[in-house]
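S.K.: So that you have it, the file is protein-v5.cif, and it contains mmCIF, C-alpha atoms:
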data_query
#
loop_
_atom_site.group_PDB
_atom_site.id
_atom_site.type_symbol
_atom_site.label_atom_id
_atom_site.label_comp_id
_atom_site.auth_asym_id
_atom_site.auth_seq_id
_atom_site.Cartn_x
_atom_site.Cartn_y
_atom_site.Cartn_z
ATOM 1 C CA MET A 11 55.687 65.202 107.779
ATOM 2 C CA ALA A 12 59.480 65.009 107.679
ATOM 3 C CA GLU A 13 61.831 66.715 110.095
ATOM 4 C CA TYR A 14 65.598 67.030 110.169
ATOM 5 C CA PHE A 15 68.316 69.234 111.572
ATOM 6 C CA ILE A 16 69.617 72.307 109.731
ATOM 7 C CA PRO A 17 72.354 74.787 110.727
ATOM 8 C CA LYS A 18 71.185 77.583 112.991
ATOM 9 C CA SER A 19 74.257 79.762 112.431
ATOM 10 C CA ALA A 20 77.488 79.727 110.429
ATOM 11 C CA VAL A 21 80.761 78.270 111.768
ATOM 12 C CA VAL A 22 84.421 78.855 110.884
ATOM 13 C CA PHE A 23 87.169 76.450 111.965
ATOM 14 C CA GLU A 24 90.829 77.060 111.165
ATOM 15 C CA GLU A 25 93.901 74.878 111.560
ATOM 16 C CA GLU A 26 97.450 74.657 110.246
ATOM 17 C CA ILE A 27 98.819 71.336 109.019
ATOM 18 C CA LYS A 28 102.442 71.169 107.846
ATOM 19 C CA LYS A 29 102.486 74.894 107.072
ATOM 20 C CA SER A 30 99.278 74.736 105.019
ATOM 21 C CA ARG A 31 96.382 76.768 106.399
ATOM 22 C CA PHE A 32 92.934 75.143 106.204
ATOM 23 C CA ILE A 33 89.887 77.319 106.900
ATOM 24 C CA THR A 34 86.580 75.448 107.075
ATOM 25 C CA TYR A 35 83.296 77.304 106.657
ATOM 26 C CA LEU A 36 79.872 75.776 107.344
ATOM 27 C CA GLN A 37 76.659 77.563 106.513
ATOM 28 C CA HIS A 38 72.954 76.930 106.000
ATOM 29 C CA THR A 39 72.167 76.839 102.277
ATOM 30 C CA ASN A 40 68.656 76.144 101.077
ATOM 31 C CA GLY A 41 69.067 74.877 97.539
ATOM 32 C CA LEU A 42 71.815 74.801 94.961
ATOM 33 C CA GLY A 43 71.550 78.513 94.160
ATOM 34 C CA GLU A 44 72.353 79.545 97.746
ATOM 35 C CA ALA A 45 75.165 76.998 97.914
ATOM 36 C CA LYS A 46 76.791 78.353 94.728
ATOM 37 C CA ALA A 47 76.496 81.926 96.044
ATOM 38 C CA PHE A 48 78.226 80.829 99.277
ATOM 39 C CA TRP A 49 81.137 79.188 97.373
ATOM 40 C CA THR A 50 81.495 82.214 95.110
ATOM 41 C CA LYS A 51 81.543 84.592 98.075
ATOM 42 C CA LEU A 52 84.401 82.662 99.691
ATOM 43 C CA ARG A 53 86.392 82.708 96.439
ATOM 44 C CA HIS A 54 86.143 86.509 96.537
ATOM 45 C CA ILE A 55 87.078 86.668 100.231
ATOM 46 C CA HIS A 56 90.115 84.400 99.696
ATOM 47 C CA PRO A 57 91.310 85.137 96.131
ATOM 48 C CA ASN A 58 94.917 84.095 96.883
ATOM 49 C CA ALA A 59 94.076 80.663 98.310
ATOM 50 C CA ARG A 60 95.282 77.673 96.290
ATOM 51 C CA HIS A 61 92.073 75.626 96.702
ATOM 52 C CA HIS A 62 88.414 76.303 97.532
ATOM 53 C CA CYS A 63 87.008 72.777 97.980
ATOM 54 C CA TRP A 64 83.342 72.308 98.789
ATOM 55 C CA ALA A 65 80.672 69.788 99.670
ATOM 56 C CA ALA A 66 76.952 70.308 100.104
ATOM 57 C CA VAL A 67 73.745 68.635 101.188
ATOM 58 C CA VAL A 68 71.318 71.251 99.883
ATOM 59 C CA GLY A 69 68.076 69.477 100.801
ATOM 60 C CA LYS A 70 67.053 66.709 103.172
ATOM 61 C CA PRO A 71 70.054 64.691 104.413
ATOM 62 C CA THR A 72 68.415 61.532 103.039
ATOM 63 C CA ASP A 73 67.884 62.903 99.513
ATOM 64 C CA SER A 74 70.787 61.662 97.371
ATOM 65 C CA GLN A 75 69.692 63.991 94.536
ATOM 66 C CA GLN A 76 70.617 67.002 96.688
ATOM 67 C CA LEU A 77 74.345 66.258 97.164
ATOM 68 C CA GLY A 78 77.478 67.624 95.537
ATOM 69 C CA PHE A 79 81.210 68.197 96.032
ATOM 70 C CA SER A 80 84.351 69.495 94.342
ATOM 71 C CA ASP A 81 88.066 68.818 94.900
ATOM 72 C CA ASP A 82 88.955 72.126 93.168
ATOM 73 C CA GLY A 83 92.299 70.942 91.826
ATOM 74 C CA GLU A 84 93.291 68.633 94.672
ATOM 75 C CA PRO A 85 93.857 64.979 93.674
ATOM 76 C CA ALA A 86 90.529 63.299 92.881
ATOM 77 C CA GLY A 87 88.634 62.119 95.957
ATOM 78 C CA THR A 88 90.950 63.760 98.510
ATOM 79 C CA ALA A 89 88.904 66.837 99.453
ATOM 80 C CA GLY A 90 85.256 67.042 98.426
ATOM 81 C CA LYS A 91 84.428 63.399 99.039
ATOM 82 C CA PRO A 92 85.729 63.252 102.658
ATOM 83 C CA MET A 93 84.015 66.587 103.306
ATOM 84 C CA LEU A 94 80.707 65.209 101.977
ATOM 85 C CA SER A 95 81.137 62.031 104.049
ATOM 86 C CA ALA A 96 81.474 64.147 107.197
ATOM 87 C CA LEU A 97 78.346 66.131 106.306
ATOM 88 C CA LEU A 98 76.328 62.980 105.576
ATOM 89 C CA GLY A 99 77.507 61.423 108.843
ATOM 90 C CA SER A 100 76.065 64.388 110.739
ATOM 91 C CA SER A 101 72.523 63.846 109.352
ATOM 92 C CA ILE A 102 72.182 67.618 108.902
ATOM 93 C CA GLY A 103 70.410 68.952 105.833
ATOM 94 C CA GLU A 104 70.575 72.225 103.919
ATOM 95 C CA ILE A 105 74.279 72.676 104.694
ATOM 96 C CA SER A 106 77.355 73.614 102.687
ATOM 97 C CA ALA A 107 80.997 73.289 103.655
ATOM 98 C CA VAL A 108 83.863 75.123 101.993
ATOM 99 C CA VAL A 109 87.479 74.482 102.959
ATOM 100 C CA VAL A 110 89.890 77.163 101.817
ATOM 101 C CA ARG A 111 93.514 75.993 101.627
ATOM 102 C CA TYR A 112 96.558 78.208 101.580
ATOM 103 C CA TYR A 113 99.395 75.909 100.473
ATOM 104 C CA GLY A 114 102.404 75.946 102.790
ATOM 105 C CA GLY A 115 104.965 74.279 100.552
ATOM 106 C CA ILE A 116 104.891 70.783 102.092
ATOM 107 C CA LEU A 117 103.045 67.992 100.280
ATOM 108 C CA LEU A 118 100.585 66.131 102.511
ATOM 109 C CA GLY A 119 100.015 63.120 100.252
ATOM 110 C CA THR A 120 96.588 61.755 99.428
ATOM 111 C CA GLY A 121 95.999 60.278 102.899
ATOM 112 C CA GLY A 122 97.034 63.533 104.559
ATOM 113 C CA LEU A 123 94.688 65.537 102.355
ATOM 114 C CA VAL A 124 91.754 63.201 103.059
ATOM 115 C CA ARG A 125 92.384 63.555 106.809
ATOM 116 C CA ALA A 126 92.864 67.339 106.652
ATOM 117 C CA TYR A 127 89.700 68.084 104.672
ATOM 118 C CA GLY A 128 87.499 65.532 106.450
ATOM 119 C CA ASN A 129 88.741 66.482 109.910
ATOM 120 C CA GLY A 130 88.227 70.196 109.252
ATOM 121 C CA VAL A 131 84.554 69.607 108.519
ATOM 122 C CA GLN A 132 84.172 67.247 111.502
ATOM 123 C CA GLN A 133 85.697 69.817 113.866
ATOM 124 C CA ALA A 134 83.480 72.584 112.489
ATOM 125 C CA LEU A 135 80.408 70.335 112.882
ATOM 126 C CA LYS A 136 81.238 69.943 116.591
ATOM 127 C CA GLN A 137 80.850 73.728 116.964
ATOM 128 C CA LEU A 138 77.684 73.971 114.860
ATOM 129 C CA LYS A 139 74.397 74.872 116.498
ATOM 130 C CA THR A 140 71.361 73.334 114.821
ATOM 131 C CA GLU A 141 67.601 73.616 114.822
ATOM 132 C CA ILE A 142 64.886 71.264 113.652
ATOM 133 C CA LYS A 143 63.210 71.906 110.313
ATOM 134 C CA VAL A 144 59.753 70.481 109.919
ATOM 135 C CA GLU A 145 58.494 70.140 106.382
ATOM 136 C CA HIS A 146 54.840 71.037 106.005
ATOM 137 C CA ILE A 147 52.534 69.482 103.478
ATOM 138 C CA PRO A 148 49.568 71.661 102.504
ATOM 139 C CA PHE A 149 46.208 69.980 102.722
ATOM 140 C CA GLN A 150 42.676 71.250 102.267
ATOM 141 C CA LEU A 151 39.788 69.952 104.353
ATOM 142 C CA ASP A 152 36.171 70.910 103.801
ATOM 143 C CA CYS A 153 33.785 70.307 106.684
ATOM 144 C CA ASP A 154 30.546 71.566 108.190
ATOM 145 C CA TYR A 155 30.731 74.364 110.735
ATOM 146 C CA GLY A 156 29.464 71.976 113.391
ATOM 147 C CA GLN A 157 32.531 69.776 112.913
ATOM 148 C CA MET A 158 35.054 72.619 113.469
ATOM 149 C CA GLY A 159 35.487 71.874 117.178
ATOM 150 C CA LEU A 160 36.457 68.267 116.478
ATOM 151 C CA VAL A 161 38.753 69.297 113.590
ATOM 152 C CA GLN A 162 40.516 71.865 115.804
ATOM 153 C CA LEU A 163 40.900 69.313 118.599
ATOM 154 C CA LEU A 164 42.423 66.720 116.245
ATOM 155 C CA CYS A 165 44.709 69.281 114.596
ATOM 156 C CA GLY A 166 45.993 70.365 118.012
ATOM 157 C CA LYS A 167 46.563 66.766 119.085
ATOM 158 C CA TYR A 168 48.657 65.974 115.983
ATOM 159 C CA GLN A 169 50.432 69.359 115.747
ATOM 160 C CA ILE A 170 48.693 70.319 112.512
ATOM 161 C CA GLU A 171 48.700 74.025 111.772
ATOM 162 C CA ILE A 172 45.426 75.538 110.593
ATOM 163 C CA LEU A 173 46.140 78.320 108.114
ATOM 164 C CA SER A 174 42.589 79.425 107.412
#
Take the structure from the file and write it as structure tokens.

M.R.:
Amino acid sequence: MAEYFIPKSAVVFEEEIKKSRFITYLQHTNGLGEAKAFWTKLRHIHPNARHHCWAAVVGKPTDSQQLGFSDDGEPAGTAGKPMLSALLGSSIGEISAVVVRYYGGILLGTGGLVRAYGNGVQQALKQLKTEIKVEHIPFQLDCDYGQMGLVQLLCGKYQIEILS
């Protein structure tokens, strides 16, 4: 049985850096489909923003097959990758981050962009409330009626849920 933290509620963190406005959104997304719907929704909410960069851990935080990111037109590796690094450092699963950037006319340089995008996610993570997700593995056990008491006792001791 595996357990890990997931977001309990969504978070929005906003900051201005050299006249550019960065709005960071964090939300629980269970799977790639939910993550894509979240990114698309924010594109519709902020149609005039210059960039909609994202990063996601859409499964367990230890499952490298469940990761993704996009720089959305920013120089390669300056937005999505630092955002994903912040998410992975939190050990939270089933989470997506989108940073919406309204360009303010002042270039930040690659180092400035890495700091802005990564820090936005880190600050939002500090505000995030989480809960523990416990993955259940279905199992069938056949036993005699006389053994039910012992089975129920053992299941209670090891926090095993009896469905039927």

S.K.: List the residues selected by the PyMOL selection byres ((chain A and resi 12-15) around 6) in the file shown, writing them as a list of chain:residue names.

M.R.: A:Met11, A:Ile16, A:Ile102, A:Glu141, A:Ile142, A:Lys143, A:Val144, A:Glu145

S.K.: Find the residue from A:Pro71, A:Gly166, A:Gly41, A:Gly130 that sits nearest to A:Phe23; use only C-alpha atoms when measuring.

M.R.: A:Gly130

S.K.: Which residues are close to stretch 114-127 of chain A, i.e. within 10 Å by all atoms listed in the file, leaving aside same-chain residues fewer than 4 positions away? Reply as a PyMOL selection string.

M.R.: chain A and resi 25-34+60+63-64+81+84-94+96+108-110+131-132

S.K.: Taking all atoms listed in the file into account, name the residue in A:Asn40, A:Ser100, A:Ala59, A:Asn129 that is nearest to A:Tyr113.

M.R.: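 That would be A:Ala59, the residue with the smallest distance to A:Tyr113.
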
S.K.: What is the atom CA of A:Ile105-atom CA of A:Glu171 distance in Å, reported with one decimal?

M.R.: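 Those two atoms sit 26.6 Å apart.
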
S.K.: A:Gly99, A:Gly43, A:Pro57, A:Gly78: which is nearest A:Tyr112, counting all atoms listed in the file?

M.R.: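 Distance minimum relative to A:Tyr112 lands on A:Pro57.
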
S.K.: I'd like the contact shell of A:Ser19 - 12 Å cut-off, only C-alpha atoms, skipping same-chain residues fewer than 6 positions apart - returned as an MDAnalysis selection string.

M.R.: chainID A and resid 35:39 104:106 134:135 137:141

S.K.: Could you spell out the hits of the PyMOL selection byres ((chain A and resi 151) around 12) on the shown file, as a PyMOL selection string?

M.R.: chain A and resi 148-150+152-155+157-158+161-162+165+172-174

S.K.: Would you compute the distance between atom CA of A:Asp82 and atom CA of A:Val68? Give it in Å to one decimal.

M.R.: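 One can read the atom CA of A:Asp82 to atom CA of A:Val68 distance as 18.9 Å.
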
S.K.: With 3 Å on each side, where is the centre of the axis-aligned box around all listed atoms of stretch 74-90 of chain A, and how long are its edges in Å to one decimal, as JSON?

M.R.:
{"center_x": 81.8, "center_y": 66.9, "center_z": 95.6, "size_x": 30.2, "size_y": 16.5, "size_z": 13.6}

S.K.: Can you work out the spacing between atom CA of A:Ile170 and atom CA of A:Gly69 in Å, to one decimal?

M.R.: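 Rounded to one decimal, the two atoms are 22.7 Å apart.
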
S.K.: List every protein, DNA or RNA residue that has an atom no more than 6 Å from (77.6, 69.7, 104.7) in the file's coordinate frame, counting all atoms listed in the file, and report them as a PyMOL selection string.

M.R.: chain A and resi 65-67+97+105-107

S.K.: So, counting all atoms listed in the file, which residue among A:Lys167, A:His146, A:Arg111, A:Lys136 is closest to A:His61?

M.R.: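 Using all atoms listed in the file, the shortest distance to A:His61 belongs to A:Arg111.
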